[in-house]
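Only one structure is covered here, and it is reproduced in the block below.
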Amino acid sequence: MEDIKALLKRFGNIFVQIYGQAEMNSLISTLSKEDHVLDEKDKKYKLLKSAGKINIGVDVKIVNDKGEEVRVGEVGEIVAKNESLMLGYWNDPELTKEVVKDGWIYTGDLGYIDEEGYLYIVDRKKDVIKSGGLAVYSKEVEDVILKHPAVKEVAVIGVPDEIWGEAVKAIVVLKDNVKVSEEEIIEFCKEYLSSYKKPKSVEFVEALPKNPAGKILKRELREKYWKGMGRRI
């Protein structure tokens with residue numbers, strides 16, 4: 001949200017945001033130019049966190065771990081279907097079976113749909129941290145840390161913890177020529193997050209691993225902590 005706010009301030013209201021899956025060969029939702037509002041007093045301001053309205057020709061529902069549709073506003077996995085749904089992954093029937101169920105694509109994204117029909121993406125399902133029996137959405141923590149003026153990039157992951165099962169860990173890249181301590185980052189988070197959501201530890205690095213598209217590879221970050229353990233990295 002901070003990135004899009006900065007872009008709107010610089011270039012004006014010229015943006016359209018889209019959300020989709022290659023497996024569907026189409027877009028799932030669109031946040032229109034008219035829905036990009038910077039005035040915090042405007043009721044549309046909250047929509048900057050949204051992925052927009054569901055596109056024509058696409059069906060979307062939010063389901064729980066049993067595949068049951070949840071109530072409006074409740075978080076679950078985003079599943080979608082349309083007429084151009086893929087048949088499957090090449091030479092990978094197991095992955096196909098995991099992703100395509102009864103004609104629906106299970107996106108692996110967690111989100112919810114509000115009363116006005118806007119779709120919100122909360123986190124990747126595999127990135128959710130289970131700490132003390134409570135779900136911590138890594139994206140929510142990352143969005144807070146990115147508000148800190150010294151932070152350039154951040155990835156939040158769950159690491160093994162003997163008491164809580166998983167502990168929240170932030171891996172941070174700082175902007176050039178600035179310094180900030182682990183304690184300062186954690187203290188900063190207290191202003192915006194519940195106690196169980198704030199990082200228990202912060203690690204500073206020069207760069208985060210990314211794929212060719214620029215997406216942070218959290219799997220690589222988690223691997224050194226979870227290798228040989230029960231968690232699916």
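Within each chain, counting starts at residue 1; across the structure tokens, chains are named A, B, ... in the order shown, with ligands numbered 1 upward in that order.
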
So which residues touch Asp123 (chain A) within 12 Å, counting only C-alpha atoms, skipping near sequence neighbours fewer than 6 positions away, as number ranges by chain?
-> A: 75-78, 107-112, 129, 135-143, 156-157

Within 12 Å of Val100 (chain A), counting only C-alpha atoms, which residues show up once you throw out same-chain ones fewer than 4 positions away? Write them as a list in words, please.
->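 So the residues in contact are Glu23, Met24, Val79, Ala80, Lys81, Leu85, Met86, Leu87, Gly88, Tyr89, Asp92, Pro93, Glu94, Leu95, Thr96, Trp104, Ile105, Tyr106, Thr107 and Gly108 of chain A.
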
Taking into account only C-alpha atoms, which residue in the set A:Lys49, A:Lys147, A:Lys169, A:Lys227 is nearest to Val202 (chain A)?
->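 Smallest distance to Val202 (chain A) is found for A:Lys169.
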
Rank nothing, just name the residue among A:Glu183, A:Asp59, A:Glu191, A:Asp65 nearest to Ile28 (chain A), using only C-alpha atoms.
->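 Among the listed residues, the smallest separation from Ile28 (chain A) belongs to A:Asp59.
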
Which residues, written as a PDB file with N, CA and C atoms, in the first residue's frame, have at least one atom at most 8 Å from Glu182 (chain A), with only C-alpha atoms counted and residues fewer than 2 positions away on the same chain left out?
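Wrote it out as part33.pdb, contents follow:
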ATOM      1  N   VAL A 180      19.907   1.427  11.932  1.00  0.00           N
ATOM      2  CA  VAL A 180      18.808   1.237  12.872  1.00  0.00           C
ATOM      3  C   VAL A 180      19.030  -0.103  13.559  1.00  0.00           C
ATOM      4  N   GLU A 184      14.932  -1.145  17.692  1.00  0.00           N
ATOM      5  CA  GLU A 184      14.154  -0.035  17.138  1.00  0.00           C
ATOM      6  C   GLU A 184      13.063  -0.529  16.190  1.00  0.00           C
ATOM      7  N   ILE A 185      13.395  -1.526  15.380  1.00  0.00           N
ATOM      8  CA  ILE A 185      12.405  -2.079  14.455  1.00  0.00           C
ATOM      9  C   ILE A 185      11.266  -2.743  15.228  1.00  0.00           C
ATOM     10  N   ILE A 186      11.616  -3.528  16.227  1.00  0.00           N
ATOM     11  CA  ILE A 186      10.595  -4.210  17.030  1.00  0.00           C
ATOM     12  C   ILE A 186       9.716  -3.197  17.759  1.00  0.00           C
ATOM     13  N   SER A 201      12.596 -11.364  16.373  1.00  0.00           N
ATOM     14  CA  SER A 201      13.991 -11.096  16.021  1.00  0.00           C
ATOM     15  C   SER A 201      14.040 -10.405  14.668  1.00  0.00           C
ATOM     16  N   VAL A 202      15.120  -9.649  14.457  1.00  0.00           N
ATOM     17  CA  VAL A 202      15.336  -8.933  13.195  1.00  0.00           C
ATOM     18  C   VAL A 202      16.761  -9.180  12.732  1.00  0.00           C
ATOM     19  N   GLU A 203      16.896  -9.546  11.478  1.00  0.00           N
ATOM     20  CA  GLU A 203      18.216  -9.765  10.881  1.00  0.00           C
ATOM     21  C   GLU A 203      18.403  -8.761   9.744  1.00  0.00           C
TER      22      GLU A 203
END

What are the DSSP alpha helix (DSSP H) residues of region 68-195 of chain A, as a ChimeraX atom specification?
-> /A:93-99,138-145,182-190

Excluding Val72 (chain A) and residues on its chain fewer than 4 positions from it, collect all residues at most 10 Å away from it, counting only C-alpha atoms, and give them as a PyMOL selection string.
-> chain A and resi 61-62+112-117

Could you write out the selected residues, including C-alpha atoms, as a PDB file, in the first residue's frame?
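Written output follows (out_3.pdb):
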ATOM      1  CA  LYS A  61     -15.122 -17.953  -3.744  1.00  0.00           C
ATOM      2  CA  ILE A  62     -13.249 -18.046  -0.446  1.00  0.00           C
ATOM      3  CA  TYR A 112     -11.528 -12.273   1.772  1.00  0.00           C
ATOM      4  CA  ILE A 113     -14.351 -10.528  -0.072  1.00  0.00           C
ATOM      5  CA  ASP A 114     -16.056  -7.587   1.626  1.00  0.00           C
ATOM      6  CA  GLU A 115     -19.748  -6.678   1.583  1.00  0.00           C
ATOM      7  CA  GLU A 116     -19.253  -4.512  -1.517  1.00  0.00           C
ATOM      8  CA  GLY A 117     -17.672  -7.355  -3.469  1.00  0.00           C
TER       9      GLY A 117
END

Write out as a list in words the residues lying within 10 Å of Ile4 (chain A), counting only C-alpha atoms and excluding same-chain residues fewer than 4 positions away.
->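 Once the adjacent positions are removed, what remains is Leu8, Lys9, Arg10, Phe15, Gln17, His36, Leu38, Leu48 and Lys49 of chain A.
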
Go ahead and save the residues from that selection, with N, CA and C atoms, as a compact mmCIF listing (two decimals), in the first residue's frame.
# COMPACT_ATOMS: atom_id res chain seq x y z
N LEU A 8 0.96 7.29 -6.52
CA LEU A 8 -0.17 8.19 -6.74
C LEU A 8 0.20 9.64 -6.46
N LYS A 9 0.99 9.84 -5.42
CA LYS A 9 1.43 11.20 -5.08
C LYS A 9 2.33 11.77 -6.17
N ARG A 10 3.11 10.90 -6.79
CA ARG A 10 4.07 11.37 -7.80
C ARG A 10 3.43 11.55 -9.17
N PHE A 15 -3.52 4.92 -12.35
CA PHE A 15 -3.21 3.50 -12.23
C PHE A 15 -4.44 2.60 -12.18
N GLN A 17 -4.93 -1.54 -11.03
CA GLN A 17 -4.26 -2.72 -10.49
C GLN A 17 -5.03 -3.98 -10.87
N HIS A 36 -8.76 4.39 -6.87
CA HIS A 36 -7.49 4.79 -6.28
C HIS A 36 -7.63 6.19 -5.69
N LEU A 38 -6.52 8.88 -2.50
CA LEU A 38 -5.51 9.16 -1.48
C LEU A 38 -6.07 9.86 -0.24
N LEU A 48 -7.35 0.94 -1.47
CA LEU A 48 -5.96 0.83 -1.90
C LEU A 48 -5.35 -0.49 -1.45
N LYS A 49 -5.93 -1.10 -0.42
CA LYS A 49 -5.46 -2.41 0.05
C LYS A 49 -6.11 -3.56 -0.72

Have a look at CA of Val16 (chain A) and CA of Glu34 (chain A) and let me know their distance in Å, one decimal.
->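 Answer for the CA of Val16 (chain A) to CA of Glu34 (chain A) separation: 8.6 Å.
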
Just how far from CA of Arg222 (chain A) is CA of Lys210 (chain A), in Å to one decimal?
-> 13.5 Å

From a DSSP calculation on the backbone, collect every residue of region 90-139 of chain A in strand (DSSP E or B) and output the set as a PyMOL selection string.
-> chain A and resi 100-101+104-113+118-124+129-131+134-136
